[in-house]
Every structure is written in structure tokens, then in C-alpha cells.
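A.B. asks: Dropping in query-v3.cif, with mmCIF, C-alpha atoms.
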data_entry
loop_
_atom_site.label_atom_id
_atom_site.label_comp_id
_atom_site.auth_asym_id
_atom_site.auth_seq_id
_atom_site.Cartn_x
_atom_site.Cartn_y
_atom_site.Cartn_z
CA LEU A 290 0.00 0.00 0.00
CA LEU A 291 1.12 3.54 -0.70
CA ILE A 292 0.60 5.74 2.37
CA VAL A 293 1.15 9.51 2.16
CA ASP A 294 1.70 11.47 5.35
CA ASP A 295 0.12 14.83 4.54
CA ILE A 296 -0.21 15.89 8.18
CA GLN A 297 1.98 18.97 7.90
CA MET A 298 2.00 19.54 4.14
CA GLY A 299 -1.68 19.03 3.26
CA CYS A 300 -4.78 21.22 3.45
CA GLY A 301 -3.45 23.74 0.94
CA ARG A 302 -0.01 24.26 2.47
CA THR A 303 1.77 23.55 -0.85
CA GLY A 304 -0.99 24.94 -3.05
CA ALA A 305 -3.39 22.14 -3.91
CA PHE A 306 -5.41 20.60 -1.09
CA PHE A 307 -3.12 17.55 -0.96
CA SER A 308 0.63 18.04 -1.35
CA PHE A 309 0.96 15.06 -3.69
CA GLU A 310 -1.61 16.18 -6.30
CA GLU A 311 0.97 17.99 -8.42
CA ALA A 312 2.96 14.75 -8.74
CA GLY A 313 -0.07 12.79 -9.94
CA ILE A 314 0.21 10.27 -7.11
CA THR A 315 -2.85 8.26 -6.09
CA PRO A 316 -2.19 6.88 -2.60
CA ASP A 317 -4.13 4.12 -0.90
CA ILE A 318 -4.07 5.87 2.46
CA VAL A 319 -3.57 9.55 3.38
CA THR A 320 -3.11 11.00 6.85
CA VAL A 321 -4.09 14.64 7.43
CA SER A 322 -4.01 16.81 10.53
CA LYS A 323 -2.69 20.25 11.58
CA SER A 324 -4.67 22.69 9.39
CA ILE A 325 -7.60 20.32 8.82
CA SER A 326 -9.46 21.56 11.91
CA GLY A 327 -9.38 25.11 10.60
CA TYR A 328 -8.93 26.69 14.01
CA GLY A 329 -5.97 24.97 15.63
CA LEU A 330 -8.08 22.43 17.48
CA PRO A 331 -6.66 18.89 17.68
CA MET A 332 -7.93 16.80 14.81
CA ALA A 333 -6.51 14.10 12.58
CA LEU A 334 -8.03 12.04 9.79
CA THR A 335 -6.98 8.88 8.04
CA LEU A 336 -8.40 8.67 4.54
CA PHE A 337 -8.29 5.41 2.65
CA LYS A 338 -9.70 3.75 -0.44
CA GLY A 339 -13.16 2.21 0.03
CA GLU A 340 -11.95 -1.32 -0.56
CA LEU A 341 -9.66 -0.97 2.44
CA ASP A 342 -12.55 -0.12 4.76
CA VAL A 343 -12.71 -3.28 6.84
CA TRP A 344 -13.35 -1.57 10.20
CA GLU A 345 -16.32 -2.63 12.24
CA PRO A 346 -18.30 0.07 14.12
CA GLY A 347 -16.34 1.19 17.18
CA GLU A 348 -13.24 -0.76 16.18
CA HIS A 349 -11.18 2.27 15.18
CA ASN A 350 -10.10 4.79 17.80
CA GLY A 351 -7.39 7.34 18.25
CA THR A 352 -6.18 10.36 20.13
CA PHE A 353 -8.24 12.95 18.25
CA ARG A 354 -11.33 10.88 17.46
CA GLY A 355 -14.68 12.45 18.22
CA ASN A 356 -13.55 16.01 18.92
CA ASN A 357 -16.86 17.68 18.08
CA PRO A 358 -15.67 21.32 18.16
CA ALA A 359 -12.90 20.39 15.72
CA PHE A 360 -15.44 18.79 13.36
CA VAL A 361 -17.42 22.04 13.43
CA THR A 362 -14.41 24.25 12.75
CA ALA A 363 -13.11 21.87 10.07
CA THR A 364 -16.44 22.00 8.27
CA ALA A 365 -16.45 25.80 8.49
CA ALA A 366 -12.85 25.97 7.17
CA LEU A 367 -13.62 23.65 4.26
CA GLU A 368 -16.69 25.70 3.38
CA ALA A 369 -14.91 29.04 3.76
CA TYR A 370 -11.62 28.24 2.04
CA TRP A 371 -12.38 25.47 -0.43
CA SER A 372 -15.94 26.10 -1.61
CA ASP A 373 -14.81 28.81 -4.06
CA GLY A 374 -12.74 26.51 -6.20
CA ASP A 375 -9.03 27.17 -6.21
CA ALA A 376 -8.83 30.58 -4.47
CA LEU A 377 -6.88 29.27 -1.45
CA GLU A 378 -4.58 27.31 -3.73
CA LYS A 379 -3.83 30.44 -5.77
CA GLN A 380 -3.31 32.44 -2.57
CA SER A 381 -0.85 29.86 -1.18
CA LEU A 382 1.07 29.85 -4.45
CA ALA A 383 1.14 33.67 -4.59
CA ARG A 384 2.48 33.84 -1.04
CA GLY A 385 4.99 31.19 -2.08
CA LEU A 386 6.31 33.47 -4.81
CA GLN A 387 6.67 36.21 -2.20
CA ILE A 388 8.71 33.85 -0.01
CA ASP A 389 10.76 32.61 -2.97
CA GLN A 390 11.80 36.17 -3.87
CA ALA A 391 12.75 37.00 -0.27
CA LEU A 392 14.74 33.80 0.23
CA ALA A 393 16.51 34.28 -3.11
CA GLN A 394 17.67 37.68 -1.90
CA ILE A 395 18.66 36.39 1.56
CA THR A 396 20.59 33.55 -0.07
CA ALA A 397 22.38 35.85 -2.54
CA GLU A 398 23.35 38.31 0.21
CA ASN A 399 24.65 35.58 2.52
CA ARG A 400 26.71 33.35 0.27
CA PRO A 401 28.63 31.20 1.15
CA HIS A 402 26.90 30.76 4.53
CA VAL A 403 23.51 29.83 3.08
CA LYS A 404 23.72 26.53 1.26
CA GLU A 405 20.35 26.71 -0.52
CA TYR A 406 16.64 27.31 -0.11
CA ARG A 407 13.72 25.30 -1.42
CA GLY A 408 9.99 24.91 -1.11
CA ARG A 409 6.62 25.70 -2.62
CA GLY A 410 3.42 27.28 -1.51
CA LEU A 411 3.64 28.01 2.20
CA VAL A 412 6.40 25.58 3.16
CA TRP A 413 10.04 26.55 2.70
CA GLY A 414 13.46 25.75 4.04
CA LEU A 415 16.63 27.80 4.24
CA GLU A 416 19.66 25.52 4.65
CA PHE A 417 22.98 26.61 6.13
CA HIS A 418 26.45 25.12 5.67
CA ASP A 419 27.20 25.68 9.36
CA LYS A 420 24.87 23.13 11.01
CA GLU A 421 24.43 25.31 14.13
CA ARG A 422 23.51 28.49 12.26
CA ALA A 423 19.85 27.58 11.73
CA GLY A 424 19.31 27.28 15.48
CA LYS A 425 21.00 30.64 16.03
CA VAL A 426 18.81 32.24 13.36
CA ALA A 427 15.66 30.74 14.93
CA ARG A 428 16.62 32.08 18.38
CA CYS A 429 17.45 35.52 17.01
CA ALA A 430 14.20 35.64 15.01
CA PHE A 431 12.29 34.71 18.18
CA ASP A 432 13.97 37.57 20.02
CA HIS A 433 12.59 39.87 17.30
CA GLY A 434 9.06 38.41 17.47
CA LEU A 435 9.10 35.65 14.84
CA LEU A 436 8.54 32.01 15.76
CA ILE A 437 10.27 29.62 13.35
CA GLU A 438 11.70 26.16 13.83
CA THR A 439 14.55 24.12 12.46
CA SER A 440 14.52 20.83 10.59
CA GLY A 441 16.82 18.55 8.65
CA PRO A 442 18.95 15.64 9.82
CA GLU A 443 21.15 17.98 11.86
CA ASP A 444 18.70 20.90 12.35
CA GLU A 445 20.59 22.78 9.66
CA VAL A 446 17.45 24.14 7.98
CA VAL A 447 15.27 27.05 9.08
CA LYS A 448 11.72 25.89 8.31
CA LEU A 449 9.06 28.41 7.31
CA LEU A 450 5.42 27.34 7.73
CA PRO A 451 3.37 30.54 7.82
CA ALA A 452 -0.36 30.41 8.46
CA LEU A 453 -2.50 29.65 5.41
CA THR A 454 -4.40 32.88 6.05
CA ILE A 455 -1.35 35.13 6.35
CA THR A 456 -1.60 38.48 4.58
CA PRO A 457 1.12 39.76 2.25
CA ASP A 458 2.03 42.47 4.77
CA GLU A 459 2.29 39.98 7.64
CA LEU A 460 4.43 37.73 5.48
CA ASP A 461 6.70 40.63 4.53
CA GLU A 462 7.11 41.50 8.21
CA GLY A 463 8.13 37.92 9.04
CA LEU A 464 10.51 37.72 6.09
CA HIS A 465 12.16 40.99 7.14
CA ILE A 466 12.67 39.58 10.64
CA LEU A 467 14.15 36.41 9.14
CA ASP A 468 16.51 38.47 6.99
CA ARG A 469 17.54 40.48 10.06
CA ALA A 470 18.17 37.28 12.04
CA VAL A 471 20.32 35.83 9.26
CA GLN A 472 22.32 39.07 9.10
CA GLU A 473 22.75 39.35 12.87
CA THR A 474 23.95 35.76 13.29
CA GLY A 475 26.45 35.99 10.44
CA HIS A 476 29.24 37.64 12.36
#
Starting from the coordinates I provided, produce the structure as C-alpha cells.
C.D. replies:
Amino acid sequence: LLIVDDIQMGCGRTGAFFSFEEAGITPDIVTVSKSISGYGLPMALTLFKGELDVWEPGEHNGTFRGNNPAFVTATAALEAYWSDGDALEKQSLARGLQIDQALAQITAENRPHVKEYRGRGLVWGLEFHDKERAGKVARCAFDHGLLIETSGPEDEVVKLLPALTITPDELDEGLHILDRAVQETGH
């Protein structure tokens, strides 16, 4: 079976509702969480092909099963953000271009310290040659009011996961803080 973990990357984070749509993948099972509740309430779903549905009533349970407020907010989010076709997808991709331009500039201004950047939609990474630099950048950004985290095998990547509803001005503010943190930790 092909199982896709779309917990952090799904729900429009990369553009399309599912992160794998662009690749033309048809998984047997998909896990979604994080943004699916639409309001930050704990919720997770496991989606699977009908022929795999062998559960008896009450046989399946889990940490986030039956969270009624999350079902309400998830329904509202799906209706608000996905009922108008591809507006959220276009918005995520437009914000992604905004991030791409900012990270291209940060990378160009900080060679050779920045190894590369990559991403799409509203998920990006800025990788550093010095494995400890990403942590320093995250701490400095936090001191200036921006919460970001690190990722990668050695936490060498600053990971950007802005809210799906972020405005262009809010995104610019965060990207300016990130740029400032990269500059301040470079000496």
C-alpha cells in the first residue's frame, strides 16, 4: 500500500489541497491533521480507499477521534476556504512566490553561509552550511518576534510554515525579521 503522510503539508499548504496532487500520485491511504481543523483544534483524519474499509463500528479509535468542536471548525474551514474553487490554492502559491523572492535575496546576500533554499506554496526551508547556524537564526528571530523552527537531519534548515491565512504584509514582516536574524547571526 502507498501511504502519504500529509499531516503537515496538506490542506493547501503547498498549493493544492493535498501536497501530492501535483505529482499525480494516487495513494491508498492519506493522513491529514494540523490545518484540517481550521482553528488549531486537535484533529486528525486517516483517509483510505473504500476497498480498504474493513473496520467494524467502534473498532477504530485514536487520540483525536470524536472532537466535536474540531469537526465544526473543520467544516467551516472547508466551506470558507475550499468552496470557491481554487482561491486558497492560488493564494498559497502567490504567497509562495513572495517567499521565494525574499529567500533568493537572503541567499544571494549571505553566500557562502547559506547553502540553498527550497519549497513551494507556504512551506520553505533555508539551509545553512554551518549546522548550528539555523538554530541561532531561529533564536534571534524569536527575540525579534518571529517564531520559526529548524529541521533537517542535523537541524541545519530554518523551516518556514506561515499560516495559510497570512496576509502579504504579515508575510513581509516575518521575512524581514528572518533576513535580520540571518544578518545578525552571520558575524
A.B. asks: Excluding region 429-446 of chain A and its own-chain neighbours fewer than 5 positions away, which residues fall within 10 Å of it when counting all atoms listed in the file? Please give them as a tab-separated table (two decimals) with C-alpha atoms, in the coordinates of the input.
C.D. replies:
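To be explicit, this is the file written out as around02.tsv:
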chain	number	residue	atom	x	y	z
A	403	VAL	CA	23.51	29.83	3.08
A	404	LYS	CA	23.72	26.53	1.26
A	405	GLU	CA	20.35	26.71	-0.52
A	406	TYR	CA	16.64	27.31	-0.11
A	413	TRP	CA	10.04	26.55	2.70
A	414	GLY	CA	13.46	25.75	4.04
A	415	LEU	CA	16.63	27.80	4.24
A	416	GLU	CA	19.66	25.52	4.65
A	417	PHE	CA	22.98	26.61	6.13
A	418	HIS	CA	26.45	25.12	5.67
A	419	ASP	CA	27.20	25.68	9.36
A	420	LYS	CA	24.87	23.13	11.01
A	421	GLU	CA	24.43	25.31	14.13
A	422	ARG	CA	23.51	28.49	12.26
A	423	ALA	CA	19.85	27.58	11.73
A	424	GLY	CA	19.31	27.28	15.48
A	451	PRO	CA	3.37	30.54	7.82
A	462	GLU	CA	7.11	41.50	8.21
A	463	GLY	CA	8.13	37.92	9.04
A	464	LEU	CA	10.51	37.72	6.09
A	465	HIS	CA	12.16	40.99	7.14
A	466	ILE	CA	12.67	39.58	10.64
A	467	LEU	CA	14.15	36.41	9.14
A	468	ASP	CA	16.51	38.47	6.99
A	469	ARG	CA	17.54	40.48	10.06
A	470	ALA	CA	18.17	37.28	12.04
A	471	VAL	CA	20.32	35.83	9.26
A	472	GLN	CA	22.32	39.07	9.10
A	473	GLU	CA	22.75	39.35	12.87
A	474	THR	CA	23.95	35.76	13.29
A.B. asks: Determine the nearest neighbour of Pro358 (chain A) from the options A:Trp344, A:Tyr328, A:Phe337, A:Phe309, counting only C-alpha atoms.
C.D. replies: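 Checking each candidate against Pro358 (chain A), we get A:Tyr328 as the closest.
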A.B. asks: Using all atoms listed in the file, which protein or nucleic acid residues come within 10 Å of Ile455 (chain A)? Drop anything in the same chain fewer than 3 positions from it, and give the result as a VMD selection string.
C.D. replies: chain A and resid 380 to 381 384 411 451 to 452 458 to 461
A.B. asks: Using the chain letters and numbers from this file, what does the PyMOL selection byres ((chain A and resi 333) around 8) select? Give the answer as a list in words.
C.D. replies: Ile296, Thr320, Val321, Ser322, Lys323, Ile325, Pro331, Met332, Leu334, Thr335, Phe353 and Arg354 of chain A
A.B. asks: Using all atoms listed in the file, which of the listed residues (A:Leu449, A:Ile395, A:Cys300, A:Ala312) sits closest to Ala427 (chain A)?
C.D. replies: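 Using all atoms listed in the file, Ala427 (chain A) sits closest to A:Leu449.
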A.B. asks: Grab the CA of Val293 (chain A) to CA of Pro316 (chain A) distance for me, in Å with one decimal place.
C.D. replies: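 About the pair CA of Val293 (chain A) and CA of Pro316 (chain A): they are 6.4 Å apart.
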A.B. asks: For CA of Ala376 (chain A) and CA of Leu330 (chain A), quote the distance in Å rounded to one decimal.
C.D. replies: 23.4 Å
A.B. asks: What does the PyMOL selection byres ((chain A and resi 302) around 8) select in this file, as a VMD selection string?
C.D. replies: chain A and resid 297 to 301 303 to 306 308 381 410 to 412 453
A.B. asks: Counting all atoms listed in the file, select every polymer residue within 8 Å of (-10.2, 21.1, 4.4) as defined in the file's coordinates, and provide the selection as JSON, numbers by chain.
C.D. replies: {"A": [300, 306, 324, 325, 326, 327, 363, 364, 366, 367, 370, 371]}
A.B. asks: For the atom pair CA of Gly374 (chain A) and CA of Arg407 (chain A), what is the interatomic distance in Å to one decimal place?
C.D. replies: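 Computing it gives 26.9 Å between the two atoms.
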A.B. asks: From the structure just shown, export region 294-308 of chain A with all heavy atoms as a PDB file, in the first residue's frame.
C.D. replies:
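The resulting file, result-v9.pdb, is shown below:
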ATOM      1  N   ASP A 294       1.851  10.688   4.123  1.00  0.00           N
ATOM      2  CA  ASP A 294       1.700  11.465   5.353  1.00  0.00           C
ATOM      3  C   ASP A 294       1.585  12.931   4.943  1.00  0.00           C
ATOM      4  O   ASP A 294       2.566  13.578   4.616  1.00  0.00           O
ATOM      5  CB  ASP A 294       2.913  11.242   6.253  1.00  0.00           C
ATOM      6  CG  ASP A 294       2.902  12.100   7.505  1.00  0.00           C
ATOM      7  OD1 ASP A 294       2.035  12.995   7.631  1.00  0.00           O
ATOM      8  OD2 ASP A 294       3.772  11.893   8.356  1.00  0.00           O
ATOM      9  N   ASP A 295       0.363  13.446   4.934  1.00  0.00           N
ATOM     10  CA  ASP A 295       0.116  14.829   4.543  1.00  0.00           C
ATOM     11  C   ASP A 295      -0.262  15.675   5.756  1.00  0.00           C
ATOM     12  O   ASP A 295      -0.911  16.708   5.629  1.00  0.00           O
ATOM     13  CB  ASP A 295      -0.999  14.878   3.491  1.00  0.00           C
ATOM     14  CG  ASP A 295      -0.616  15.722   2.285  1.00  0.00           C
ATOM     15  OD1 ASP A 295       0.578  16.034   2.125  1.00  0.00           O
ATOM     16  OD2 ASP A 295      -1.517  16.070   1.498  1.00  0.00           O
ATOM     17  N   ILE A 296       0.177  15.228   6.930  1.00  0.00           N
ATOM     18  CA  ILE A 296      -0.207  15.889   8.179  1.00  0.00           C
ATOM     19  C   ILE A 296       0.249  17.341   8.202  1.00  0.00           C
ATOM     20  O   ILE A 296      -0.522  18.236   8.523  1.00  0.00           O
ATOM     21  CB  ILE A 296       0.331  15.107   9.395  1.00  0.00           C
ATOM     22  CG1 ILE A 296      -0.495  13.824   9.569  1.00  0.00           C
ATOM     23  CG2 ILE A 296       0.317  15.956  10.659  1.00  0.00           C
ATOM     24  CD1 ILE A 296       0.017  12.874  10.619  1.00  0.00           C
ATOM     25  N   GLN A 297       1.488  17.605   7.842  1.00  0.00           N
ATOM     26  CA  GLN A 297       1.984  18.969   7.898  1.00  0.00           C
ATOM     27  C   GLN A 297       1.900  19.674   6.547  1.00  0.00           C
ATOM     28  O   GLN A 297       1.766  20.884   6.491  1.00  0.00           O
ATOM     29  CB  GLN A 297       3.433  18.966   8.390  1.00  0.00           C
ATOM     30  CG  GLN A 297       3.892  20.296   8.910  1.00  0.00           C
ATOM     31  CD  GLN A 297       5.176  20.175   9.681  1.00  0.00           C
ATOM     32  OE1 GLN A 297       6.201  19.824   9.123  1.00  0.00           O
ATOM     33  NE2 GLN A 297       5.127  20.470  10.967  1.00  0.00           N
ATOM     34  N   MET A 298       1.922  18.934   5.462  1.00  0.00           N
ATOM     35  CA  MET A 298       2.000  19.542   4.139  1.00  0.00           C
ATOM     36  C   MET A 298       0.669  19.636   3.412  1.00  0.00           C
ATOM     37  O   MET A 298       0.590  20.265   2.370  1.00  0.00           O
ATOM     38  CB  MET A 298       2.976  18.756   3.254  1.00  0.00           C
ATOM     39  CG  MET A 298       4.383  18.744   3.779  1.00  0.00           C
ATOM     40  SD  MET A 298       5.029  20.417   3.967  1.00  0.00           S
ATOM     41  CE  MET A 298       5.877  20.282   5.504  1.00  0.00           C
ATOM     42  N   GLY A 299      -0.388  19.017   3.932  1.00  0.00           N
ATOM     43  CA  GLY A 299      -1.677  19.026   3.257  1.00  0.00           C
ATOM     44  C   GLY A 299      -2.530  20.235   3.589  1.00  0.00           C
ATOM     45  O   GLY A 299      -2.082  21.193   4.204  1.00  0.00           O
ATOM     46  N   CYS A 300      -3.770  20.177   3.172  1.00  0.00           N
ATOM     47  CA  CYS A 300      -4.776  21.221   3.447  1.00  0.00           C
ATOM     48  C   CYS A 300      -4.416  22.554   2.812  1.00  0.00           C
ATOM     49  O   CYS A 300      -4.694  23.616   3.369  1.00  0.00           O
ATOM     50  CB  CYS A 300      -5.008  21.374   4.941  1.00  0.00           C
ATOM     51  SG  CYS A 300      -5.521  19.863   5.749  1.00  0.00           S
ATOM     52  N   GLY A 301      -3.766  22.521   1.657  1.00  0.00           N
ATOM     53  CA  GLY A 301      -3.449  23.741   0.940  1.00  0.00           C
ATOM     54  C   GLY A 301      -2.089  24.328   1.226  1.00  0.00           C
ATOM     55  O   GLY A 301      -1.712  25.345   0.649  1.00  0.00           O
ATOM     56  N   ARG A 302      -1.319  23.716   2.082  1.00  0.00           N
ATOM     57  CA  ARG A 302      -0.010  24.263   2.467  1.00  0.00           C
ATOM     58  C   ARG A 302       0.903  24.420   1.255  1.00  0.00           C
ATOM     59  O   ARG A 302       1.637  25.402   1.156  1.00  0.00           O
ATOM     60  CB  ARG A 302       0.634  23.340   3.505  1.00  0.00           C
ATOM     61  CG  ARG A 302       2.047  23.647   3.789  1.00  0.00           C
ATOM     62  CD  ARG A 302       2.429  24.463   4.955  1.00  0.00           C
ATOM     63  NE  ARG A 302       1.510  24.593   6.029  1.00  0.00           N
ATOM     64  CZ  ARG A 302       1.276  25.768   6.643  1.00  0.00           C
ATOM     65  NH1 ARG A 302       1.887  26.853   6.236  1.00  0.00           N
ATOM     66  NH2 ARG A 302       0.457  25.844   7.652  1.00  0.00           N
ATOM     67  N   THR A 303       0.886  23.473   0.319  1.00  0.00           N
ATOM     68  CA  THR A 303       1.773  23.553  -0.847  1.00  0.00           C
ATOM     69  C   THR A 303       1.068  24.097  -2.078  1.00  0.00           C
ATOM     70  O   THR A 303       1.663  24.181  -3.139  1.00  0.00           O
ATOM     71  CB  THR A 303       2.375  22.173  -1.171  1.00  0.00           C
ATOM     72  OG1 THR A 303       1.316  21.270  -1.470  1.00  0.00           O
ATOM     73  CG2 THR A 303       3.210  21.646  -0.021  1.00  0.00           C
ATOM     74  N   GLY A 304      -0.189  24.442  -1.922  1.00  0.00           N
ATOM     75  CA  GLY A 304      -0.989  24.939  -3.052  1.00  0.00           C
ATOM     76  C   GLY A 304      -2.273  24.145  -3.147  1.00  0.00           C
ATOM     77  O   GLY A 304      -3.295  24.538  -2.601  1.00  0.00           O
ATOM     78  N   ALA A 305      -2.224  23.007  -3.806  1.00  0.00           N
ATOM     79  CA  ALA A 305      -3.394  22.137  -3.914  1.00  0.00           C
ATOM     80  C   ALA A 305      -3.769  21.596  -2.530  1.00  0.00           C
ATOM     81  O   ALA A 305      -2.962  21.652  -1.604  1.00  0.00           O
ATOM     82  CB  ALA A 305      -3.098  20.983  -4.857  1.00  0.00           C
ATOM     83  N   PHE A 306      -4.980  21.076  -2.404  1.00  0.00           N
ATOM     84  CA  PHE A 306      -5.413  20.597  -1.087  1.00  0.00           C
ATOM     85  C   PHE A 306      -4.449  19.550  -0.544  1.00  0.00           C
ATOM     86  O   PHE A 306      -4.027  19.618   0.602  1.00  0.00           O
ATOM     87  CB  PHE A 306      -6.833  20.031  -1.136  1.00  0.00           C
ATOM     88  CG  PHE A 306      -7.371  19.718   0.234  1.00  0.00           C
ATOM     89  CD1 PHE A 306      -7.946  20.711   1.005  1.00  0.00           C
ATOM     90  CD2 PHE A 306      -7.270  18.440   0.764  1.00  0.00           C
ATOM     91  CE1 PHE A 306      -8.412  20.444   2.296  1.00  0.00           C
ATOM     92  CE2 PHE A 306      -7.732  18.162   2.042  1.00  0.00           C
ATOM     93  CZ  PHE A 306      -8.306  19.163   2.808  1.00  0.00           C
ATOM     94  N   PHE A 307      -4.097  18.558  -1.370  1.00  0.00           N
ATOM     95  CA  PHE A 307      -3.121  17.550  -0.965  1.00  0.00           C
ATOM     96  C   PHE A 307      -1.766  17.883  -1.594  1.00  0.00           C
ATOM     97  O   PHE A 307      -1.686  18.277  -2.761  1.00  0.00           O
ATOM     98  CB  PHE A 307      -3.556  16.149  -1.409  1.00  0.00           C
ATOM     99  CG  PHE A 307      -4.781  15.638  -0.711  1.00  0.00           C
ATOM    100  CD1 PHE A 307      -5.969  15.483  -1.402  1.00  0.00           C
ATOM    101  CD2 PHE A 307      -4.753  15.309   0.637  1.00  0.00           C
ATOM    102  CE1 PHE A 307      -7.107  15.012  -0.760  1.00  0.00           C
ATOM    103  CE2 PHE A 307      -5.885  14.842   1.288  1.00  0.00           C
ATOM    104  CZ  PHE A 307      -7.069  14.691   0.587  1.00  0.00           C
ATOM    105  N   SER A 308      -0.700  17.683  -0.863  1.00  0.00           N
ATOM    106  CA  SER A 308       0.633  18.036  -1.350  1.00  0.00           C
ATOM    107  C   SER A 308       1.086  17.170  -2.520  1.00  0.00           C
ATOM    108  O   SER A 308       1.934  17.586  -3.299  1.00  0.00           O
ATOM    109  CB  SER A 308       1.658  17.904  -0.219  1.00  0.00           C
ATOM    110  OG  SER A 308       1.799  16.551   0.167  1.00  0.00           O
TER     111      SER A 308
END
